[in-house]
$ cat run.cif   # mmCIF, C-alpha atoms and all ligand atoms
data_input
loop_
_atom_site.label_atom_id
_atom_site.label_comp_id
_atom_site.auth_asym_id
_atom_site.auth_seq_id
_atom_site.Cartn_x
_atom_site.Cartn_y
_atom_site.Cartn_z
CA MET N 1 92.97 77.76 70.00
CA PRO N 2 96.32 75.95 70.30
CA PRO N 3 97.67 75.53 73.83
CA THR N 4 99.95 78.35 74.95
CA PRO N 5 103.12 77.46 76.87
CA THR N 6 103.05 77.54 80.66
CA PRO N 7 104.65 80.80 81.81
CA ALA N 8 107.80 80.78 83.92
CA PRO N 9 107.62 81.66 87.64
CA PRO N 10 107.60 85.37 88.55
CA ASP N 11 110.73 87.06 87.31
CA LEU N 12 112.40 90.39 86.62
CA ILE N 13 112.30 91.61 83.03
CA LEU N 14 114.82 94.32 82.20
CA ALA N 15 113.38 97.07 80.00
CA ALA N 16 116.27 97.72 77.59
CA ASP N 17 115.39 101.39 77.16
CA LEU N 18 118.75 102.86 76.10
CA PRO N 19 119.46 104.83 72.92
CA ASP N 20 121.85 102.30 71.43
CA ARG N 21 122.36 98.57 71.66
CA GLY N 22 125.97 98.94 72.79
CA GLY N 23 124.87 100.36 76.15
CA VAL N 24 122.63 97.37 76.80
CA GLU N 25 125.25 94.90 75.57
CA ARG N 26 127.85 96.38 77.95
CA LEU N 27 125.41 95.92 80.81
CA LEU N 28 124.70 92.33 79.73
CA GLY N 29 128.45 91.71 79.61
CA ALA N 30 128.86 93.08 83.15
CA LEU N 31 126.02 90.84 84.33
CA ALA N 32 127.30 87.58 82.81
CA PRO N 33 126.85 84.75 83.69
CA ALA N 34 123.45 86.10 84.81
CA ARG N 35 121.18 86.37 81.75
CA PRO N 36 118.38 88.87 82.27
CA ARG N 37 115.09 88.48 80.47
CA LEU N 38 114.86 91.46 78.14
CA LYS N 39 112.11 93.76 76.97
CA VAL N 40 112.80 95.57 73.71
CA GLY N 41 110.65 98.63 73.21
CA LEU N 42 110.06 101.18 70.51
CA GLN N 43 113.31 103.02 71.09
CA LEU N 44 115.54 100.13 70.06
CA PHE N 45 113.18 98.27 67.73
CA THR N 46 112.65 101.32 65.52
CA ARG N 47 116.43 101.65 65.27
CA TYR N 48 117.62 98.06 64.87
CA GLY N 49 114.51 96.03 63.94
CA PRO N 50 114.16 92.23 64.02
CA ASP N 51 117.93 91.65 63.74
CA LEU N 52 118.34 92.91 67.28
CA VAL N 53 115.66 90.53 68.54
CA ARG N 54 117.39 87.59 66.84
CA ALA N 55 120.81 88.60 68.15
CA TRP N 56 119.82 89.15 71.77
CA SER N 57 117.52 86.16 72.02
CA ALA N 58 120.50 83.90 71.26
CA SER N 59 121.73 84.50 74.81
CA ALA N 60 118.72 85.99 76.64
CA GLY N 61 116.04 83.61 75.31
CA PRO N 62 112.83 84.78 73.61
CA LEU N 63 112.31 88.50 74.16
CA PHE N 64 109.45 90.68 75.26
CA LEU N 65 108.65 92.93 72.30
CA ASP N 66 106.85 96.01 73.58
CA LEU N 67 105.45 97.57 70.41
CA LYS N 68 102.03 98.50 71.86
CA LEU N 69 100.28 97.92 68.53
CA HIS N 70 97.18 100.07 68.00
CA ASP N 71 95.71 100.26 64.49
CA ILE N 72 92.83 98.87 62.43
CA PRO N 73 92.26 95.12 62.87
CA ASN N 74 93.67 94.12 59.47
CA THR N 75 96.91 96.04 59.99
CA VAL N 76 97.48 94.68 63.49
CA GLY N 77 96.70 91.12 62.37
CA ARG N 78 99.22 91.44 59.53
CA ALA N 79 101.83 92.89 61.89
CA VAL N 80 101.42 89.89 64.20
CA GLU N 81 101.82 87.56 61.21
CA SER N 82 105.01 89.39 60.28
CA LEU N 83 106.48 88.41 63.65
CA ALA N 84 106.09 84.70 62.92
CA GLY N 85 109.42 82.98 63.36
CA LEU N 86 110.97 85.77 65.43
CA PRO N 87 112.08 84.63 68.92
CA VAL N 88 109.50 86.68 70.83
CA GLU N 89 107.76 85.45 73.97
CA TYR N 90 105.49 88.44 74.61
CA LEU N 91 104.06 91.10 72.30
CA THR N 92 102.02 94.08 73.50
CA LEU N 93 99.01 95.78 71.93
CA HIS N 94 96.70 98.49 73.19
CA ALA N 95 93.33 97.31 74.51
CA LEU N 96 92.04 100.71 73.36
CA GLY N 97 92.33 99.36 69.80
CA GLY N 98 89.04 97.59 70.56
CA ARG N 99 87.56 94.11 70.42
CA ALA N 100 87.91 93.56 66.66
CA MET N 101 91.56 94.59 66.69
CA LEU N 102 92.34 92.33 69.66
CA GLU N 103 90.53 89.40 68.05
CA ALA N 104 92.39 89.95 64.78
CA ALA N 105 95.69 89.82 66.69
CA VAL N 106 94.66 86.61 68.49
CA ALA N 107 93.55 84.97 65.22
CA ALA N 108 96.81 85.95 63.50
CA ARG N 109 98.81 84.62 66.45
CA ASP N 110 96.90 81.33 66.40
CA ASN N 111 97.54 80.92 62.67
CA ALA N 112 101.06 82.16 62.29
CA ALA N 113 102.86 82.40 65.65
CA PRO N 114 101.31 79.97 68.15
CA GLY N 115 104.11 80.30 70.73
CA LEU N 116 103.64 84.05 71.08
CA ARG N 117 101.83 85.39 74.14
CA LEU N 118 99.78 88.53 73.53
CA LEU N 119 99.54 91.16 76.23
CA ALA N 120 97.08 94.03 76.18
CA VAL N 121 98.08 97.37 77.66
CA THR N 122 95.06 98.84 79.43
CA VAL N 123 95.94 102.31 80.73
CA LEU N 124 99.55 103.46 80.54
CA THR N 125 101.14 103.60 83.97
CA SER N 126 102.23 107.16 83.13
CA HIS N 127 98.57 108.20 83.00
CA GLY N 128 96.90 109.59 86.09
CA ASP N 129 93.30 110.65 86.50
CA THR N 130 93.91 114.15 85.06
CA ASP N 131 95.37 112.66 81.86
CA LEU N 132 92.43 110.29 81.54
CA ALA N 133 89.88 113.09 81.97
CA GLU N 134 91.69 115.05 79.24
CA LEU N 135 91.36 112.02 76.94
CA GLY N 136 87.64 111.69 77.64
CA ILE N 137 88.06 108.55 79.76
CA ARG N 138 86.20 108.79 83.02
CA PRO N 139 88.54 108.44 86.02
CA PRO N 140 89.47 106.64 88.18
CA ALA N 141 92.09 104.77 86.16
CA ARG N 142 91.26 101.56 88.00
CA GLU N 143 87.77 101.42 86.46
CA ALA N 144 89.10 101.98 82.95
CA VAL N 145 91.72 99.28 83.58
CA LEU N 146 89.08 96.79 84.72
CA ARG N 147 86.82 97.53 81.76
CA LEU N 148 89.63 97.35 79.17
CA GLY N 149 91.21 94.35 80.89
CA GLY N 150 87.90 92.46 80.81
CA LEU N 151 87.45 93.30 77.13
CA ALA N 152 90.94 92.12 76.21
CA HIS N 153 90.52 88.94 78.24
CA GLU N 154 87.23 88.17 76.44
CA ALA N 155 88.95 88.78 73.11
CA GLY N 156 91.41 85.99 73.97
CA VAL N 157 94.71 87.69 74.82
CA ASP N 158 97.03 85.82 77.21
CA GLY N 159 97.56 88.63 79.65
CA LEU N 160 97.65 92.30 80.49
CA VAL N 161 100.19 94.96 81.24
CA CYS N 162 98.99 96.92 84.25
CA SER N 163 100.23 99.09 87.06
CA PRO N 164 101.04 97.39 90.35
CA LEU N 165 98.03 99.09 91.91
CA GLU N 166 95.66 97.28 89.54
CA VAL N 167 96.98 93.71 89.88
CA SER N 168 94.75 92.79 92.78
CA PRO N 169 91.42 94.04 91.30
CA LEU N 170 92.29 92.43 87.95
CA ARG N 171 93.09 89.11 89.62
CA GLU N 172 89.81 89.33 91.50
CA ALA N 173 87.90 90.06 88.29
CA LEU N 174 89.69 87.69 85.90
CA GLY N 175 91.02 84.90 88.14
CA PRO N 176 94.49 83.30 88.06
CA GLY N 177 94.58 82.68 84.29
CA PRO N 178 95.92 85.82 82.62
CA ASP N 179 99.55 86.87 82.88
CA LEU N 180 99.74 90.23 84.64
CA ILE N 181 102.96 91.95 83.64
CA VAL N 182 103.72 94.95 85.77
CA PRO N 183 105.83 98.03 85.04
CA GLY N 184 105.74 101.07 87.33
CA ILE N 185 108.01 99.31 89.86
CA ARG N 186 109.89 101.71 92.07
CA PRO N 187 112.08 100.35 94.87
CA ALA N 188 112.23 102.79 97.79
CA GLY N 189 114.57 105.68 97.10
CA THR N 190 114.33 105.53 93.28
CA ALA N 191 112.81 108.32 91.16
CA ARG N 192 109.30 107.90 89.80
CA GLY N 193 110.11 109.67 86.52
CA ASP N 194 106.92 109.84 84.47
CA GLN N 195 105.32 106.84 86.19
CA GLN N 196 102.34 107.76 88.33
CA ARG N 197 100.86 104.50 89.59
CA VAL N 198 103.87 102.82 91.26
CA LEU N 199 104.71 100.25 93.96
CA GLY N 200 107.80 98.46 95.29
CA PRO N 201 108.79 95.03 93.88
CA GLU N 202 107.83 92.88 96.85
CA GLU N 203 104.45 94.58 97.13
CA ALA N 204 103.74 94.09 93.42
CA LEU N 205 104.56 90.37 93.66
CA ALA N 206 102.42 89.99 96.76
CA GLU N 207 99.53 91.48 94.77
CA GLY N 208 99.85 88.62 92.25
CA ALA N 209 102.02 90.01 89.42
CA THR N 210 103.30 87.39 86.95
CA HIS N 211 106.50 89.29 86.06
CA LEU N 212 107.91 92.74 86.90
CA VAL N 213 109.28 95.05 84.21
CA VAL N 214 111.93 97.50 85.38
CA GLY N 215 113.91 100.02 83.37
CA ARG N 216 115.16 103.29 84.83
CA PRO N 217 115.64 102.17 88.46
CA ILE N 218 118.30 99.83 87.01
CA LEU N 219 119.55 101.73 83.97
CA GLU N 220 119.92 105.07 85.77
CA ALA N 221 121.50 103.61 88.92
CA SER N 222 125.11 104.54 89.62
CA ASP N 223 125.95 100.82 89.17
CA PRO N 224 123.28 99.30 86.88
CA ALA N 225 124.64 95.74 87.14
CA ALA N 226 124.53 95.88 90.95
CA ALA N 227 121.04 97.42 90.84
CA TYR N 228 119.82 94.61 88.57
CA LEU N 229 121.33 91.87 90.74
CA ASP N 230 119.95 93.43 93.92
CA LEU N 231 116.45 93.68 92.48
CA LYS N 232 116.62 90.17 91.04
CA ALA N 233 117.66 88.79 94.43
CA ARG N 234 114.79 90.65 96.11
CA ILE N 235 112.32 89.23 93.60
CA ASP N 236 113.66 85.69 93.94
CA ARG N 237 113.45 86.01 97.73
CA ALA N 238 109.90 87.38 97.64
CA ARG N 239 108.93 84.64 95.19
CA SER N 240 110.19 81.92 97.51
CA LEU N 241 108.00 83.39 100.26
CA GLU N 242 104.90 83.38 98.02
CA PRO N 243 104.01 79.73 97.28
CA LEU N 244 102.97 79.36 93.62
CA SER N 245 100.57 76.62 94.67
CA ASP N 246 98.39 79.26 96.30
CA PRO N 247 97.13 81.47 93.45
CA PRO N 248 94.44 84.08 94.10
CA SER N 249 91.00 82.44 93.96
CA ARG N 250 88.31 83.24 91.40
CA PRO N 251 85.47 85.40 92.69
O1 LIG O 301 111.88 102.91 83.37
P1 LIG O 301 110.66 102.20 83.84
O2 LIG O 301 110.94 101.19 84.93
O3 LIG O 301 109.52 103.13 84.17
O4 LIG O 301 110.23 101.33 82.56
C1 LIG O 301 108.98 100.75 82.42
C2 LIG O 301 108.90 100.09 81.07
O5 LIG O 301 107.62 99.51 80.92
C3 LIG O 301 109.09 101.04 79.89
O6 LIG O 301 109.80 100.32 78.91
C4 LIG O 301 107.68 101.34 79.42
O7 LIG O 301 107.64 101.55 78.02
C5 LIG O 301 106.97 100.04 79.77
N1 LIG O 301 105.52 100.17 80.01
C6 LIG O 301 104.98 101.01 80.93
N2 LIG O 301 103.63 101.11 81.09
C7 LIG O 301 102.80 100.36 80.35
C8 LIG O 301 103.33 99.48 79.41
C9 LIG O 301 104.72 99.39 79.27
O8 LIG O 301 105.71 101.67 81.65
N3 LIG O 301 101.49 100.43 80.55
#

$ encode --input "run.cif" --output "structure tokens"
Amino acid sequence: MPPTPTPAPPDLILAADLPDRGGVERLLGALAPARPRLKVGLQLFTRYGPDLVRAWSASAGPLFLDLKLHDIPNTVGRAVESLAGLPVEYLTLHALGGRAMLEAAVAARDNAAPGLRLLAVTVLTSHGDTDLAELGIRPPAREAVLRLGGLAHEAGVDGLVCSPLEVSPLREALGPGPDLIVPGIRPAGTARGDQQRVLGPEEALAEGATHLVVGRPILEASDPAAAYLDLKARIDRARSLEPLSDPPSRP
């Protein structure tokens, strides 16, 4: 497998979950010269497609494309190939797609898009134990996350998307190697929305998260630019207190 680039130090990734690109671009304008790392999800990608990724990456750098691919191995492999040449740093797929699908994605990445880092979503952070039971997955969520995370890691993905509550057990199980990208961040006083397994930003970093993904606590704040800058400063401060030279040890 070709070497994958060394990831940047822990950072804040802004989930650009607004209905139109103008809303995000106004926020980016208000934040300049700060240049947030951006996650583009289904809402905007289904509307604007790869052109948006090319346009935003010109100032924000390679984007996080959160498409959560989940299909038969051939289709997912071909979709990964189709991303070759797009300025994307991270792409998500569902670990529930299974080993063959994950391996097909890794093989396609290795062949066509070697700079791309693949992240497997284990259990959505909006899912609690009741939702899992309804889906036929035995709770608690943490066990399903560990099982699916181990499978995805074996299949060769670069990292996982997980709730802040699962960072520590995943680090313990998988060691310091995989990127652990963590949504479900809720600074004190912000609404949970549909997220069930949440933690504050400093706590999530202390658990060993690689990057934090935050959407509504910024986008729905009365002053989104101020909310972003406040959270970014908190993350940078917490990061400086957590020496990178001291990663969690392997079991
Ligand atoms: O608004 P909020 O901060 O909850 O946004 C979290 C972002 O992370 C959303 O874009 C959501 O799609 C994404 N995400 C998630 N849970 C996962 C994977 C991605 O919340 N397991």

$ residues_near_ligand --input "run.cif" --ligand "ligand LIG 301 (chain O)" --cutoff "7 Å" --atoms "all atoms listed in the file" --output "PDB file with C-alpha atoms, keeping the file's coordinate frame"
ATOM      1  CA  ALA N  15     113.380  97.070  80.000  1.00  0.00           C
ATOM      2  CA  ASP N  17     115.390 101.390  77.160  1.00  0.00           C
ATOM      3  CA  GLY N  41     110.650  98.630  73.210  1.00  0.00           C
ATOM      4  CA  ASP N  66     106.850  96.010  73.580  1.00  0.00           C
ATOM      5  CA  VAL N 121      98.080  97.370  77.660  1.00  0.00           C
ATOM      6  CA  THR N 122      95.060  98.840  79.430  1.00  0.00           C
ATOM      7  CA  VAL N 123      95.940 102.310  80.730  1.00  0.00           C
ATOM      8  CA  LEU N 124      99.550 103.460  80.540  1.00  0.00           C
ATOM      9  CA  THR N 125     101.140 103.600  83.970  1.00  0.00           C
ATOM     10  CA  SER N 126     102.230 107.160  83.130  1.00  0.00           C
ATOM     11  CA  VAL N 161     100.190  94.960  81.240  1.00  0.00           C
ATOM     12  CA  CYS N 162      98.990  96.920  84.250  1.00  0.00           C
ATOM     13  CA  SER N 163     100.230  99.090  87.060  1.00  0.00           C
ATOM     14  CA  PRO N 183     105.830  98.030  85.040  1.00  0.00           C
ATOM     15  CA  GLY N 184     105.740 101.070  87.330  1.00  0.00           C
ATOM     16  CA  ILE N 185     108.010  99.310  89.860  1.00  0.00           C
ATOM     17  CA  GLY N 193     110.110 109.670  86.520  1.00  0.00           C
ATOM     18  CA  GLN N 195     105.320 106.840  86.190  1.00  0.00           C
ATOM     19  CA  VAL N 213     109.280  95.050  84.210  1.00  0.00           C
ATOM     20  CA  VAL N 214     111.930  97.500  85.380  1.00  0.00           C
ATOM     21  CA  GLY N 215     113.910 100.020  83.370  1.00  0.00           C
ATOM     22  CA  ARG N 216     115.160 103.290  84.830  1.00  0.00           C
ATOM     23  CA  PRO N 217     115.640 102.170  88.460  1.00  0.00           C
TER      24      PRO N 217
END

$ residues_near_point --input "run.cif" --point "(91.4, 93.1, 87.4)" --cutoff "9 Å" --atoms "all atoms listed in the file" --output "list in words"
Arg142, Val145, Leu146, Arg147, Gly149, Gly150, Glu166, Val167, Ser168, Pro169, Leu170, Arg171, Glu172, Ala173, Leu174 and Gly175 of chain N

$ residues_around --input "run.cif" --residues "N:Tyr90" --least-positions-apart "3" --cutoff "8 Å" --atoms "only C-alpha atoms" --output "ChimeraX atom specification"
/N:63-66,116-119

$ residues_around --input "run.cif" --residues "N:Gly49" --least-positions-apart "6" --cutoff "12 Å" --atoms "only C-alpha atoms" --output "PyMOL selection string"
chain N and resi 21+40-43+55-56+65+67+83+86

$ write_last_selection --input "run.cif" --atoms "C-alpha atoms" --output "compact mmCIF listing (two decimals), in the frame of the given file"
# COMPACT_ATOMS: atom_id res chain seq x y z
CA ARG N 21 122.36 98.57 71.66
CA VAL N 40 112.80 95.57 73.71
CA GLY N 41 110.65 98.63 73.21
CA LEU N 42 110.06 101.18 70.51
CA GLN N 43 113.31 103.02 71.09
CA ALA N 55 120.81 88.60 68.15
CA TRP N 56 119.82 89.15 71.77
CA LEU N 65 108.65 92.93 72.30
CA LEU N 67 105.45 97.57 70.41
CA LEU N 83 106.48 88.41 63.65
CA LEU N 86 110.97 85.77 65.43

$ closest_residue --input "run.cif" --among "N:Lys39, N:Arg197, N:Gly29, N:Leu135" --to "N:Ala16" --atoms "all atoms listed in the file"
N:Lys39

$ atom_distance --input "run.cif" --atom1 "atom CA of N:Pro10" --atom2 "atom CA of N:Arg192"
22.6 Å

$ residues_around --input "run.cif" --residues "N:Pro139" --least-positions-apart "6" --cutoff "8 Å" --atoms "all atoms listed in the file" --output "VMD selection string"
chain N and resid 129 to 130 132 to 133

$ residues_around --input "run.cif" --residues "N:Arg37" --least-positions-apart "4" --cutoff "7 Å" --atoms "all atoms listed in the file" --output "list in words"
Leu12, Ile13, Leu14, Ala60 and Leu63 of chain N

$ write_last_selection --input "run.cif" --atoms "C-alpha atoms" --output "PDB file, keeping the file's coordinate frame"
ATOM      1  CA  LEU N  12     112.400  90.390  86.620  1.00  0.00           C
ATOM      2  CA  ILE N  13     112.300  91.610  83.030  1.00  0.00           C
ATOM      3  CA  LEU N  14     114.820  94.320  82.200  1.00  0.00           C
ATOM      4  CA  ALA N  60     118.720  85.990  76.640  1.00  0.00           C
ATOM      5  CA  LEU N  63     112.310  88.500  74.160  1.00  0.00           C
TER       6      LEU N  63
END

$ residues_around --input "run.cif" --residues "N:Leu28" --least-positions-apart "4" --cutoff "12 Å" --atoms "only C-alpha atoms" --output "number ranges by chain"
N: 14, 16, 21-24, 32-38, 56, 59-60, 219, 224-226, 228-229

$ closest_residue --input "run.cif" --among "N:Ala58, N:Ala105, N:Leu44, N:Ala233" --to "N:Asp71" --atoms "only C-alpha atoms"
N:Ala105

$ closest_residue --input "run.cif" --among "N:Ala120, N:Arg234, N:Val157, N:Pro19" --to "N:Thr46" --atoms "only C-alpha atoms"
N:Pro19

$ atom_distance --input "run.cif" --atom1 "atom CA of N:Leu96" --atom2 "atom CA of N:Gly136"
12.6 Å

$ atom_distance --input "run.cif" --atom1 "atom CA of N:Lys68" --atom2 "atom CA of N:Gly97"
10.0 Å

$ closest_residue --input "run.cif" --among "N:Met101, N:Ala191, N:Arg239, N:Glu207" --to "N:Ala221" --atoms "only C-alpha atoms"
N:Ala191

$ residues_near_point --input "run.cif" --point "(99.8, 92.2, 63.1)" --cutoff "10 Å" --atoms "all atoms listed in the file" --output "list of chain:residue names"
N:Leu69, N:His70, N:Asp71, N:Ile72, N:Pro73, N:Asn74, N:Thr75, N:Val76, N:Gly77, N:Arg78, N:Ala79, N:Val80, N:Glu81, N:Ser82, N:Leu83, N:Ala84, N:Leu93, N:Met101, N:Leu102, N:Ala104, N:Ala105, N:Val106, N:Ala107, N:Ala108, N:Arg109

$ write_last_selection --input "run.cif" --atoms "C-alpha atoms" --output "PDB file, in the coordinates of the input"
ATOM      1  CA  LEU N  69     100.280  97.920  68.530  1.00  0.00           C
ATOM      2  CA  HIS N  70      97.180 100.070  68.000  1.00  0.00           C
ATOM      3  CA  ASP N  71      95.710 100.260  64.490  1.00  0.00           C
ATOM      4  CA  ILE N  72      92.830  98.870  62.430  1.00  0.00           C
ATOM      5  CA  PRO N  73      92.260  95.120  62.870  1.00  0.00           C
ATOM      6  CA  ASN N  74      93.670  94.120  59.470  1.00  0.00           C
ATOM      7  CA  THR N  75      96.910  96.040  59.990  1.00  0.00           C
ATOM      8  CA  VAL N  76      97.480  94.680  63.490  1.00  0.00           C
ATOM      9  CA  GLY N  77      96.700  91.120  62.370  1.00  0.00           C
ATOM     10  CA  ARG N  78      99.220  91.440  59.530  1.00  0.00           C
ATOM     11  CA  ALA N  79     101.830  92.890  61.890  1.00  0.00           C
ATOM     12  CA  VAL N  80     101.420  89.890  64.200  1.00  0.00           C
ATOM     13  CA  GLU N  81     101.820  87.560  61.210  1.00  0.00           C
ATOM     14  CA  SER N  82     105.010  89.390  60.280  1.00  0.00           C
ATOM     15  CA  LEU N  83     106.480  88.410  63.650  1.00  0.00           C
ATOM     16  CA  ALA N  84     106.090  84.700  62.920  1.00  0.00           C
ATOM     17  CA  LEU N  93      99.010  95.780  71.930  1.00  0.00           C
ATOM     18  CA  MET N 101      91.560  94.590  66.690  1.00  0.00           C
ATOM     19  CA  LEU N 102      92.340  92.330  69.660  1.00  0.00           C
ATOM     20  CA  ALA N 104      92.390  89.950  64.780  1.00  0.00           C
ATOM     21  CA  ALA N 105      95.690  89.820  66.690  1.00  0.00           C
ATOM     22  CA  VAL N 106      94.660  86.610  68.490  1.00  0.00           C
ATOM     23  CA  ALA N 107      93.550  84.970  65.220  1.00  0.00           C
ATOM     24  CA  ALA N 108      96.810  85.950  63.500  1.00  0.00           C
ATOM     25  CA  ARG N 109      98.810  84.620  66.450  1.00  0.00           C
TER      26      ARG N 109
END
